[in-house]
$ cat run04.txt   # compact mmCIF, C-alpha atoms
# COMPACT_ATOMS: atom_id res chain seq x y z
CA SER A 1 145.57 121.67 76.20
CA LEU A 2 144.25 121.38 72.66
CA ALA A 3 146.57 118.49 71.82
CA SER A 4 145.58 116.52 74.91
CA LEU A 5 141.86 117.05 74.19
CA LEU A 6 142.27 115.79 70.63
CA LEU A 7 144.29 112.80 71.81
CA ALA A 8 141.71 111.92 74.43
CA SER A 9 138.89 112.18 71.92
CA ARG A 10 140.61 109.98 69.34
CA SER A 11 141.70 107.38 71.90
CA TYR A 12 138.11 107.06 73.10
CA ALA A 13 136.82 106.66 69.56
CA LYS A 14 139.37 103.92 68.93
CA ALA A 15 138.48 102.14 72.17
CA LYS A 16 134.74 102.20 71.41
CA GLY A 17 135.24 101.16 67.78
CA GLY A 18 133.32 104.25 66.65
CA GLY A 19 134.12 107.77 65.59
CA LYS A 20 135.60 106.71 62.27
CA PRO A 21 137.28 109.34 60.12
CA ALA A 22 134.80 110.86 57.71
CA ALA A 23 136.70 109.64 54.63
CA SER A 24 136.31 106.02 55.72
CA THR A 25 132.58 106.12 56.30
CA SER A 26 131.87 105.06 52.74
CA ASN A 27 133.74 103.36 49.96
CA ARG A 28 130.95 103.79 47.41
CA GLY A 29 131.94 107.21 46.14
CA LYS A 30 134.33 110.08 46.46
CA VAL A 31 133.33 112.81 48.85
CA ARG A 32 135.05 116.00 49.88
CA VAL A 33 135.46 116.51 53.58
CA LYS A 34 136.88 119.38 55.54
CA ASP A 35 140.59 120.04 55.53
CA PRO A 36 142.63 118.86 58.52
CA LYS A 37 142.54 122.33 60.06
CA GLY A 38 138.76 122.47 59.91
CA VAL A 39 138.41 119.00 61.41
CA ALA A 40 140.89 119.77 64.15
CA SER A 41 139.11 122.95 65.16
CA GLU A 42 135.76 121.19 65.29
CA ASP A 43 137.24 118.26 67.22
CA ALA A 44 138.59 120.72 69.72
CA SER A 45 135.24 122.40 70.18
CA ALA A 46 133.51 119.06 70.62
CA SER A 47 136.05 118.09 73.25
CA GLY A 48 134.99 121.05 75.38
CA GLU A 49 132.17 118.86 76.62
CA SER A 50 134.53 115.90 76.74
CA ALA A 51 136.95 117.55 79.12
CA ALA A 52 134.14 118.67 81.39
CA SER A 53 132.69 115.17 81.44
CA ALA A 54 136.06 113.68 82.33
CA GLY A 55 136.24 116.08 85.26
CA GLY A 56 132.76 115.14 86.43
CA ALA A 57 131.14 118.47 85.57
CA ASP A 58 129.74 117.60 82.12
CA GLU A 59 129.26 121.26 81.24
CA ILE A 60 128.87 122.62 77.72
CA ASP A 61 130.53 125.82 76.54
CA ALA A 62 128.19 128.78 76.37
CA GLU A 63 129.37 129.60 72.86
CA PHE A 64 128.16 127.02 70.33
CA GLU A 65 130.58 125.24 68.03
CA MET A 66 129.51 122.24 65.98
CA PRO A 67 130.61 118.93 67.57
CA THR A 68 132.20 116.19 65.49
CA ASP A 69 132.91 113.40 67.99
CA PRO A 70 129.85 111.32 68.90
CA LEU A 71 130.47 110.84 72.65
CA PRO A 72 132.74 112.20 75.39
CA PRO A 73 136.17 110.49 75.77
CA THR A 74 135.18 109.23 79.21
CA TYR A 75 131.81 107.57 78.71
CA ASP A 76 129.54 108.21 81.69
CA PRO A 77 126.60 105.74 81.91
CA ALA A 78 124.84 108.15 84.24
CA LEU A 79 124.38 110.54 81.32
CA ASP A 80 123.07 107.87 78.94
CA VAL A 81 119.70 107.43 80.63
CA GLY A 82 116.37 107.72 78.88
CA PRO A 83 112.82 107.12 80.08
CA GLY A 84 112.48 104.21 82.49
CA GLY A 85 116.25 103.94 82.86
CA ARG A 86 116.68 102.70 79.28
CA PRO A 87 119.81 103.79 77.36
CA LEU A 88 119.35 107.04 75.49
CA PHE A 89 121.84 106.25 72.70
CA ALA A 90 122.22 103.26 70.40
CA PHE A 91 125.77 102.35 69.40
CA THR A 92 125.44 101.67 65.68
CA ASP A 93 126.68 103.11 62.40
CA THR A 94 123.56 102.29 60.37
CA PHE A 95 119.80 102.55 60.62
CA ALA A 96 119.43 99.08 59.11
CA SER A 97 119.96 97.29 62.43
CA PHE A 98 116.99 98.90 64.17
CA SER A 99 113.86 96.89 64.88
CA HIS A 100 110.57 98.32 66.08
CA ARG A 101 111.47 97.20 69.59
CA GLY A 102 114.39 99.61 69.61
CA VAL A 103 112.51 102.78 68.69
CA ASN A 104 112.95 106.11 70.46
CA ALA A 105 116.72 105.76 70.74
CA TYR A 106 119.22 108.31 69.50
CA VAL A 107 121.90 107.53 66.92
CA ASP A 108 124.97 109.72 67.24
CA PHE A 109 127.09 110.36 64.14
CA THR A 110 129.78 112.95 63.64
CA LEU A 111 129.01 115.92 61.43
CA ASP A 112 131.64 114.74 58.95
CA GLU A 113 129.95 111.33 58.79
CA TRP A 114 126.62 112.99 58.00
CA LYS A 115 128.23 115.12 55.30
CA ALA A 116 130.02 112.12 53.83
CA MET A 117 126.76 110.18 53.44
CA LEU A 118 124.71 113.20 52.32
CA PRO A 119 127.21 115.46 50.51
CA GLU A 120 124.39 117.16 48.60
CA GLY A 121 123.51 118.95 51.84
CA LEU A 122 121.63 118.47 55.10
CA PRO A 123 118.11 119.80 55.76
CA ALA A 124 117.92 123.15 57.51
CA GLY A 125 115.77 121.66 60.29
CA MET A 126 118.35 118.97 60.96
CA MET A 127 121.19 121.50 61.12
CA LYS A 128 119.12 123.66 63.51
CA GLU A 129 118.59 120.62 65.76
CA PHE A 130 122.33 119.90 65.73
CA GLN A 131 123.12 123.51 66.53
CA ASP A 132 120.61 123.87 69.37
CA THR A 133 121.53 120.56 71.01
CA ARG A 134 125.26 120.85 70.20
CA ARG A 135 125.24 117.24 69.07
CA CYS A 136 124.72 115.55 65.69
CA ALA A 137 122.26 112.95 66.93
CA VAL A 138 118.83 111.95 65.59
CA MET A 139 116.09 109.88 67.18
CA VAL A 140 114.88 106.74 65.42
CA ARG A 141 111.10 107.01 65.42
CA GLU A 142 108.42 104.44 64.69
CA SER A 143 107.25 106.51 61.71
CA PHE A 144 110.75 106.41 60.19
CA LEU A 145 111.00 102.63 60.59
CA ASP A 146 107.63 102.25 58.83
CA LEU A 147 108.97 104.33 55.95
CA ARG A 148 112.23 102.36 55.81
CA ASP A 149 110.45 99.01 55.96
CA ASN A 150 108.12 99.99 53.14
CA PHE A 151 111.02 100.28 50.71
CA ARG A 152 112.87 97.35 52.24
CA ARG A 153 109.88 95.12 51.45
CA ILE A 154 109.90 96.28 47.82
CA VAL A 155 113.52 95.23 47.32
CA ASP A 156 113.52 92.04 49.44
CA PRO A 157 111.36 89.37 47.70
CA ALA A 158 111.08 87.25 50.86
CA ILE A 159 109.58 90.13 52.83
CA THR A 160 107.38 91.24 49.94
CA ALA A 161 105.81 87.79 49.75
CA LYS A 162 104.51 88.26 53.29
CA ARG A 163 103.43 91.89 53.01
CA LYS A 164 101.64 93.30 50.00
CA ASP A 165 100.83 96.79 51.29
CA THR A 166 103.83 98.61 49.88
CA LYS A 167 104.01 101.91 48.04
CA ARG A 168 106.66 102.73 45.48
CA GLN A 169 105.77 106.43 45.52
CA ILE A 170 105.22 108.33 48.76
CA ILE A 171 104.65 111.99 49.62
CA LEU A 172 105.54 112.85 53.21
CA ASP A 173 103.06 115.45 54.36
CA GLY A 174 102.16 116.66 57.82
CA PRO A 175 102.35 119.63 60.18
CA ARG A 176 105.29 121.99 60.17
CA SER A 177 108.38 120.79 62.09
CA CYS A 178 107.11 117.24 62.52
CA GLY A 179 110.35 115.72 61.14
CA LYS A 180 109.60 115.05 57.46
CA SER A 181 112.91 116.35 56.13
CA ILE A 182 114.93 114.61 58.85
CA ALA A 183 113.13 111.31 58.15
CA LEU A 184 113.90 111.69 54.43
CA ALA A 185 117.58 112.37 55.16
CA MET A 186 117.69 109.30 57.43
CA LEU A 187 116.08 107.22 54.68
CA VAL A 188 118.75 108.35 52.21
CA HIS A 189 121.46 107.52 54.77
CA TRP A 190 120.00 104.03 55.27
CA ALA A 191 119.56 103.36 51.54
CA ARG A 192 123.16 104.34 50.79
CA THR A 193 124.55 102.12 53.53
CA GLU A 194 122.55 99.32 51.88
CA GLY A 195 124.27 100.02 48.56
CA TRP A 196 121.37 101.73 46.80
CA LEU A 197 121.74 104.41 44.17
CA VAL A 198 119.95 107.48 45.55
CA PHE A 199 119.13 110.65 43.65
CA TYR A 200 118.77 113.06 46.59
CA VAL A 201 117.59 116.65 46.31
CA PRO A 202 117.72 118.28 49.77
CA GLN A 203 116.38 121.63 48.52
CA GLY A 204 113.85 121.21 45.75
CA LYS A 205 113.05 124.92 45.90
CA ASP A 206 116.48 125.64 44.42
CA TRP A 207 115.22 124.07 41.18
CA THR A 208 112.66 126.89 40.86
CA HIS A 209 114.57 129.88 42.20
CA GLY A 210 117.71 131.66 41.08
CA GLY A 211 120.12 131.28 38.20
CA PHE A 212 119.99 131.79 34.45
CA PHE A 213 116.87 130.60 32.56
CA TYR A 214 115.54 130.88 29.01
CA ARG A 215 112.77 129.45 26.86
CA ASN A 216 113.82 126.46 24.77
CA THR A 217 112.24 126.99 21.37
CA TYR A 218 112.30 123.25 20.57
CA SER A 219 110.54 121.94 23.69
CA ASP A 220 108.68 125.18 24.57
CA LEU A 221 109.84 124.67 28.17
CA PHE A 222 112.28 126.78 30.16
CA ASP A 223 115.84 125.53 30.61
CA THR A 224 118.01 126.30 33.66
CA PRO A 225 121.56 125.25 32.66
CA VAL A 226 123.27 126.60 35.80
CA LEU A 227 120.97 124.57 38.03
CA ALA A 228 121.33 121.51 35.80
CA GLY A 229 125.12 121.60 36.13
CA LYS A 230 124.86 121.76 39.92
CA VAL A 231 122.40 118.85 39.97
CA LEU A 232 124.87 116.69 38.05
CA GLN A 233 127.76 117.69 40.30
CA ASP A 234 125.76 116.91 43.43
CA PHE A 235 124.75 113.49 42.09
CA LEU A 236 128.39 112.60 41.50
CA LYS A 237 129.54 113.54 45.01
CA TYR A 238 128.49 110.24 46.60
CA ASN A 239 127.70 108.02 43.62
CA GLU A 240 130.78 108.45 41.42
CA THR A 241 132.19 104.95 41.86
CA ARG A 242 128.83 103.26 41.31
CA LEU A 243 128.06 105.34 38.21
CA GLN A 244 131.34 104.27 36.62
CA GLN A 245 130.02 100.69 36.72
CA LEU A 246 126.60 101.35 35.15
CA PRO A 247 126.48 101.45 31.32
CA CYS A 248 124.33 103.84 29.32
CA GLN A 249 121.33 102.09 27.75
CA ILE A 250 119.96 104.95 25.63
CA PHE A 251 122.04 106.22 22.73
CA GLU A 252 119.68 108.65 21.07
CA PRO A 253 121.15 112.13 20.45
CA ILE A 254 120.92 114.53 23.41
CA PRO A 255 119.64 117.98 22.40
CA LEU A 256 121.88 120.95 23.10
CA GLY A 257 120.59 124.23 24.47
CA GLU A 258 122.08 127.56 25.38
CA GLY A 259 125.26 127.54 27.39
CA THR A 260 125.61 129.69 30.48
CA GLY A 261 126.17 133.17 29.12
CA VAL A 262 127.40 132.00 25.70
CA GLY A 263 124.22 131.28 23.76
CA MET A 264 123.69 128.35 21.40
CA MET A 265 126.57 126.25 20.13
CA LYS A 266 127.44 126.94 16.52
CA GLY A 267 127.44 124.05 14.08
CA ALA A 268 125.78 121.47 16.38
CA ASP A 269 122.38 121.00 17.99
CA THR A 270 122.82 117.50 19.50
CA VAL A 271 125.48 115.37 21.16
CA GLU A 272 125.72 111.58 21.12
CA MET A 273 127.20 109.27 23.72
CA PRO A 274 129.56 106.69 22.18
CA GLU A 275 129.02 102.96 22.60
CA GLY A 276 130.37 101.65 25.89
CA SER A 277 129.74 104.90 27.77
CA THR A 278 128.79 104.77 31.43
CA LEU A 279 126.43 106.96 33.40
CA TYR A 280 129.53 108.63 34.80
CA ASP A 281 130.58 109.57 31.25
CA LEU A 282 127.09 110.89 30.57
CA ILE A 283 127.14 113.13 33.66
CA GLN A 284 130.66 114.38 32.91
CA THR A 285 129.43 115.44 29.47
CA GLY A 286 126.78 117.62 31.07
CA ILE A 287 129.21 119.09 33.60
CA THR A 288 131.90 119.83 31.03
CA HIS A 289 129.60 121.31 28.38
CA SER A 290 126.95 123.65 29.78
CA HIS A 291 125.09 123.48 26.46
CA ALA A 292 124.33 119.83 27.24
CA ALA A 293 123.63 120.17 31.00
CA VAL A 294 119.84 120.31 30.83
CA GLY A 295 119.62 117.59 28.18
CA VAL A 296 121.85 115.31 30.26
CA VAL A 297 119.73 115.84 33.39
CA VAL A 298 116.64 114.80 31.42
CA ARG A 299 118.45 111.80 29.90
CA LEU A 300 119.76 110.77 33.33
CA ARG A 301 116.19 110.47 34.61
CA LYS A 302 115.37 108.04 31.81
CA GLU A 303 118.59 106.08 32.31
CA LEU A 304 118.01 105.65 36.05
CA SER A 305 114.62 104.10 35.33
CA LEU A 306 116.39 101.37 33.34
CA VAL A 307 118.96 100.48 36.03
CA LYS A 308 118.34 96.93 37.32
CA ASP A 309 121.69 96.03 38.91
CA VAL A 310 121.07 98.13 42.02
CA PRO A 311 117.95 99.58 43.68
CA VAL A 312 117.35 103.21 42.67
CA LEU A 313 115.55 105.71 44.91
CA PHE A 314 114.54 109.29 44.11
CA ALA A 315 114.33 111.41 47.28
CA ILE A 316 113.10 114.99 46.83
CA ASP A 317 112.80 117.41 49.75
CA GLN A 318 110.68 120.56 49.42
CA TYR A 319 108.74 118.60 46.80
CA ASN A 320 105.72 120.91 47.08
CA SER A 321 107.74 123.73 45.49
CA TRP A 322 107.49 121.79 42.22
CA PHE A 323 103.72 122.36 42.12
CA THR A 324 103.67 126.15 42.48
CA PHE A 325 104.97 129.16 40.61
CA THR A 326 108.68 129.87 40.37
CA GLU A 327 110.40 133.21 40.86
CA TYR A 328 111.05 133.37 37.11
CA GLN A 329 108.96 135.67 34.94
CA GLU A 330 108.48 135.94 31.20
CA PRO A 331 107.76 139.30 29.53
CA VAL A 332 104.31 139.43 27.95
CA THR A 333 104.06 143.07 26.99
CA VAL A 334 106.31 146.06 27.44
CA ARG A 335 104.83 146.68 30.88
CA SER A 336 103.80 143.23 32.11
CA CYS A 337 105.26 139.81 32.86
CA ARG A 338 103.75 136.48 33.72
CA SER A 339 105.01 134.11 36.42
CA ILE A 340 106.41 130.81 35.17
CA HIS A 341 105.03 127.65 36.78
CA ALA A 342 107.39 124.93 37.99
CA LYS A 343 105.92 122.42 35.52
CA GLU A 344 107.21 124.64 32.71
CA LEU A 345 110.83 124.06 33.75
CA THR A 346 112.52 121.29 31.80
CA THR A 347 114.28 119.80 34.84
CA VAL A 348 111.20 119.81 37.10
CA ASN A 349 109.04 118.47 34.29
CA ALA A 350 111.39 115.48 33.92
CA TYR A 351 111.54 114.55 37.63
CA ARG A 352 108.25 115.66 39.19
CA SER A 353 105.92 112.88 38.05
CA MET A 354 105.23 109.89 40.30
CA LEU A 355 103.25 108.04 37.65
CA HIS A 356 105.88 105.37 37.06
CA ASN A 357 107.22 102.21 38.66
CA ASP A 358 110.33 103.75 40.24
CA MET A 359 110.78 104.18 43.99
CA MET A 360 110.32 107.83 44.87
CA VAL A 361 109.76 109.87 48.03
CA GLY A 362 108.87 113.54 48.10
CA ALA A 363 108.74 115.49 51.35
CA PHE A 364 106.61 118.60 51.68
CA SER A 365 108.21 121.58 53.40
CA HIS A 366 105.91 123.99 55.17
CA SER A 367 108.91 125.99 56.37
CA THR A 368 109.31 127.39 52.85
CA ALA A 369 106.32 129.52 51.90
CA VAL A 370 105.21 128.13 48.55
CA GLY A 371 101.45 128.28 49.01
CA LYS A 372 98.78 125.78 49.93
CA LEU A 373 98.23 122.89 47.53
CA ARG A 374 95.05 120.99 46.78
CA GLN A 375 94.68 117.42 47.99
CA GLU A 376 94.82 115.85 44.54
CA LEU A 377 98.03 116.72 42.73
CA PRO A 378 98.77 116.21 39.03
CA ASP A 379 101.15 113.37 38.13
CA VAL A 380 100.84 111.91 41.64
CA PRO A 381 98.96 108.69 42.62
CA SER A 382 95.90 109.41 44.75
CA ASP A 383 97.14 107.17 47.59
CA ALA A 384 100.73 108.46 47.65
CA ARG A 385 100.28 111.02 50.42
CA LEU A 386 101.39 109.86 53.87
CA ILE A 387 100.69 112.09 56.87
CA PHE A 388 103.84 112.17 58.99
CA PRO A 389 102.94 112.55 62.69
CA ARG A 390 104.21 114.94 65.32
CA TYR A 391 105.97 113.53 68.36
CA THR A 392 103.95 111.05 70.38
CA VAL A 393 103.96 111.22 74.18
CA ASP A 394 106.60 108.46 74.39
CA GLU A 395 108.78 110.18 71.80
CA ALA A 396 108.44 113.52 73.58
CA GLU A 397 109.56 111.94 76.85
CA THR A 398 112.70 110.61 75.17
CA VAL A 399 113.34 113.97 73.51
CA CYS A 400 113.10 115.79 76.84
CA HIS A 401 115.53 113.33 78.46
CA TYR A 402 117.90 114.02 75.57
CA TYR A 403 117.50 117.78 76.02
CA MET A 404 118.29 117.37 79.70
CA ARG A 405 121.40 115.42 78.71
CA GLN A 406 122.39 118.29 76.42
CA LYS A 407 121.77 120.94 79.12
CA ILE A 408 118.82 122.51 77.31
CA ILE A 409 116.69 121.51 80.29
CA ARG A 410 118.22 121.93 83.71
CA ARG A 411 118.63 118.64 85.51
CA GLU A 412 117.50 120.01 88.86
CA SER A 413 114.20 121.24 87.43
CA PHE A 414 113.46 118.20 85.25
CA SER A 415 110.25 116.33 86.12
CA GLU A 416 107.44 114.40 84.50
CA GLU A 417 105.18 117.40 84.97
CA LYS A 418 107.63 119.65 83.13
CA TRP A 419 108.21 117.49 80.06
CA LYS A 420 104.47 116.84 79.72
CA LYS A 421 103.85 120.57 79.94
CA ILE A 422 106.40 121.12 77.14
CA TYR A 423 104.76 118.42 75.05
CA TYR A 424 101.19 119.64 75.39
CA LEU A 425 102.07 123.31 74.89
CA SER A 426 103.97 122.49 71.68
CA ASN A 427 101.50 119.83 70.52
CA GLY A 428 104.48 117.65 69.61
CA ASN A 429 106.11 120.25 67.35
CA GLY A 430 109.87 119.58 67.38
CA SER A 431 111.20 123.13 67.03
CA GLU A 432 108.68 124.49 69.56
CA MET A 433 109.67 121.81 72.05
CA ARG A 434 113.29 122.92 71.82
CA TRP A 435 112.30 126.54 72.36
CA LEU A 436 110.01 125.78 75.30
CA ALA A 437 112.55 123.49 76.93
CA ALA A 438 114.97 126.38 77.23
CA PHE A 439 112.51 128.74 78.92
CA ILE A 440 110.04 126.70 80.96

$ encode --input "run04.txt" --output "C-alpha cells"
Amino acid sequence: SLASLLLASRSYAKAKGGGKPAASTSNRGKVRVKDPKGVASEDASASGESAASAGGADEIDAEFEMPTDPLPPTYDPALDVGPGGRPLFAFTDTFASFSHRGVNAYVDFTLDEWKAMLPEGLPAGMMKEFQDTRRCAVMVRESFLDLRDNFRRIVDPAITAKRKDTKRQIILDGPRSCGKSIALAMLVHWARTEGWLVFYVPQGKDWTHGGFFYRNTYSDLFDTPVLAGKVLQDFLKYNETRLQQLPCQIFEPIPLGEGTGVGMMKGADTVEMPEGSTLYDLIQTGITHSHAAVGVVVRLRKELSLVKDVPVLFAIDQYNSWFTFTEYQEPVTVRSCRSIHAKELTTVNAYRSMLHNDMMVGAFSHSTAVGKLRQELPDVPSDARLIFPRYTVDEAETVCHYYMRQKIIRRESFSEEKWKKIYYLSNGNGSEMRWLAAFI
C-alpha cells in the first residue's frame, strides 16, 4: 500500500542516516519546498522501485515520475556495482569530501535537496538526466574536482601557498552536452555547503529575453524592471539569513527608473538606504518598489564586491547569451527597428565583465542558439576560457554501469563491447549516450 511504501522508504533513510527532509538540508537561508501532498506523491512514485527491489525484481515503472528518495529501502549491494566491482554510489551529502582518488562515483541526492540548495532553478540538462534515469544522481568527474579545487585554493591560504596557478575568472566552454551546466550547478552546491555567498543565475538567457523594457534617458541603457525584481527574489531564496548579517557599505543615492506599467515616480528620482541597513534591506527595497529594482540590482553588484566576511562567487549559466543580441528591438523609423545588444541592458552591463578581482564562473550553453562567438571576448581575460571535456573512456564505463543499474541498458545484453560502442558512436556526448543506450 501507499502508506507501507512511504513508511519503508522513511525507515530506510533513517537507518542509513541519509534522506534528510528537504527543509533541513540547509540552515543558511529560507527556501520554499513542495507541500506535504507533493512530497508524499513523489515519495510514493520513488518507492515504486523500492518495492520492486525489496521483492528481488528491482523493476522500474514504465511511466516516469520524479524520484525523491536516494536509494531503495532495502539496499542491495549487487546493484551498487561499478567498473571493476567498485561501488557505483558514494554515501555523502557534500562534494567537499571527494578527493581525486574517488572520482567517477555517483552522488545521490533527493530532488527536494537539490531544489533546496539551488532554489533559483536547475539546469535543463540536469533535469533531463534525472528524468531519463529516474534518479537524481550526478557523477563526480575529474574535471569538476579541478574546477572546485581552483576556487578552494583561492580561499584557503595554506593551499594557495603551494599552488599559484589559480584563476579567479573562468569561462566553461566545450562541446554541446559535455556537462558544463551540471558542473556549474555542482560547484554552486559545493560552495553553499562551504558557507559561501553565491550569486547563481541558472538561465542567463532570461536576462535578455522577455518582459518589459525601456530606454533609461539618464544612463542611455535599457532597463528591465520585471527581470530585475525576479533576480532579487531569486537571490534571497537561499541567501536570506546571510544577507541579514552583511551591512551595506555604499550609501550613495540609488537612481529610480520606471516602475512596471506605472511610469516614473512623481516627486523623486533617487532613493537612499539609511545608515545601518543590511544587504537584505537593500534587496527588499528593490523588490517592494519596482522603480528601484534595476538600480538595486546594479548597486548589489558593487556591494558584493566589497564583502570580505564570506567568500563570494558569481556563477552565470548561459553566459554566452550576454555577448549577443537580445530579442528586444528599438524603433528607428516608422517602418524599421534595430536589435538591442545584451551589453546595452543595464543589468547585463553591470554583471557581465570579468575584469575585476571577484571570483566568477560563466558557463557557455550551446543548447540555446545564440550564435557563434569569437575567441576573444570583451571584458573577459584572455586566459579565462577553460575547455570542458566530454566523457573519457573511464567515465563512460561508469556511466554505462549506472545506466544498466537504472534499466536504461538491459543487464542481459550489457558487455564491454556494447558500452564501448555507445561511447565511440556518441564521442562522449552525454545526451547521445543516454539515447544510444536505450536503443543499441

$ atom_distance --input "run04.txt" --atom1 "atom CA of Pro378 of chain A" --atom2 "atom CA of Pro123 of chain A"
25.8 Å

$ residues_around --input "run04.txt" --residues "Arg141 of chain A" --least-positions-apart "4" --cutoff "10 Å" --atoms "all atoms listed in the file" --output "JSON, numbers by chain"
{"A": [100, 102, 103, 104, 105, 106, 145, 146, 179, 183, 391, 392, 395]}

$ atom_distance --input "run04.txt" --atom1 "atom CA of Lys407 of chain A" --atom2 "atom CA of Glu129 of chain A"
13.7 Å

$ residues_around --input "run04.txt" --residues "Ile409 of chain A" --least-positions-apart "6" --cutoff "8 Å" --atoms "all atoms listed in the file" --output "list in words"
Cys400, Tyr403, Ala437 and Ala438 of chain A

$ atom_distance --input "run04.txt" --atom1 "atom CA of Cys248 of chain A" --atom2 "atom CA of Pro202 of chain A"
25.9 Å

$ closest_residue --input "run04.txt" --among "A:Arg390, A:Lys237, A:Phe89, A:Ala124" --to "Gly430 of chain A" --atoms "all atoms listed in the file"
A:Arg390

$ closest_residue --input "run04.txt" --among "A:Ile340, A:Leu147, A:Leu436, A:Leu355" --to "Arg215 of chain A" --atoms "all atoms listed in the file"
A:Ile340

$ residues_around --input "run04.txt" --residues "Gly428 of chain A" --least-positions-apart "2" --cutoff "12 Å" --atoms "all atoms listed in the file" --output "mmCIF file with C-alpha atoms, keeping the file's coordinate frame"
data_model
loop_
_atom_site.group_PDB
_atom_site.id
_atom_site.type_symbol
_atom_site.label_atom_id
_atom_site.label_comp_id
_atom_site.auth_asym_id
_atom_site.auth_seq_id
_atom_site.Cartn_x
_atom_site.Cartn_y
_atom_site.Cartn_z
ATOM 1 C CA PRO A 175 102.350 119.630 60.180
ATOM 2 C CA ARG A 176 105.290 121.990 60.170
ATOM 3 C CA SER A 177 108.380 120.790 62.090
ATOM 4 C CA CYS A 178 107.110 117.240 62.520
ATOM 5 C CA GLY A 179 110.350 115.720 61.140
ATOM 6 C CA PHE A 388 103.840 112.170 58.990
ATOM 7 C CA PRO A 389 102.940 112.550 62.690
ATOM 8 C CA ARG A 390 104.210 114.940 65.320
ATOM 9 C CA TYR A 391 105.970 113.530 68.360
ATOM 10 C CA THR A 392 103.950 111.050 70.380
ATOM 11 C CA VAL A 393 103.960 111.220 74.180
ATOM 12 C CA ASP A 394 106.600 108.460 74.390
ATOM 13 C CA GLU A 395 108.780 110.180 71.800
ATOM 14 C CA ALA A 396 108.440 113.520 73.580
ATOM 15 C CA GLU A 397 109.560 111.940 76.850
ATOM 16 C CA VAL A 399 113.340 113.970 73.510
ATOM 17 C CA CYS A 400 113.100 115.790 76.840
ATOM 18 C CA TRP A 419 108.210 117.490 80.060
ATOM 19 C CA LYS A 420 104.470 116.840 79.720
ATOM 20 C CA LYS A 421 103.850 120.570 79.940
ATOM 21 C CA ILE A 422 106.400 121.120 77.140
ATOM 22 C CA TYR A 423 104.760 118.420 75.050
ATOM 23 C CA TYR A 424 101.190 119.640 75.390
ATOM 24 C CA LEU A 425 102.070 123.310 74.890
ATOM 25 C CA SER A 426 103.970 122.490 71.680
ATOM 26 C CA GLY A 430 109.870 119.580 67.380
ATOM 27 C CA SER A 431 111.200 123.130 67.030
ATOM 28 C CA GLU A 432 108.680 124.490 69.560
ATOM 29 C CA MET A 433 109.670 121.810 72.050
ATOM 30 C CA ARG A 434 113.290 122.920 71.820
ATOM 31 C CA LEU A 436 110.010 125.780 75.300
#
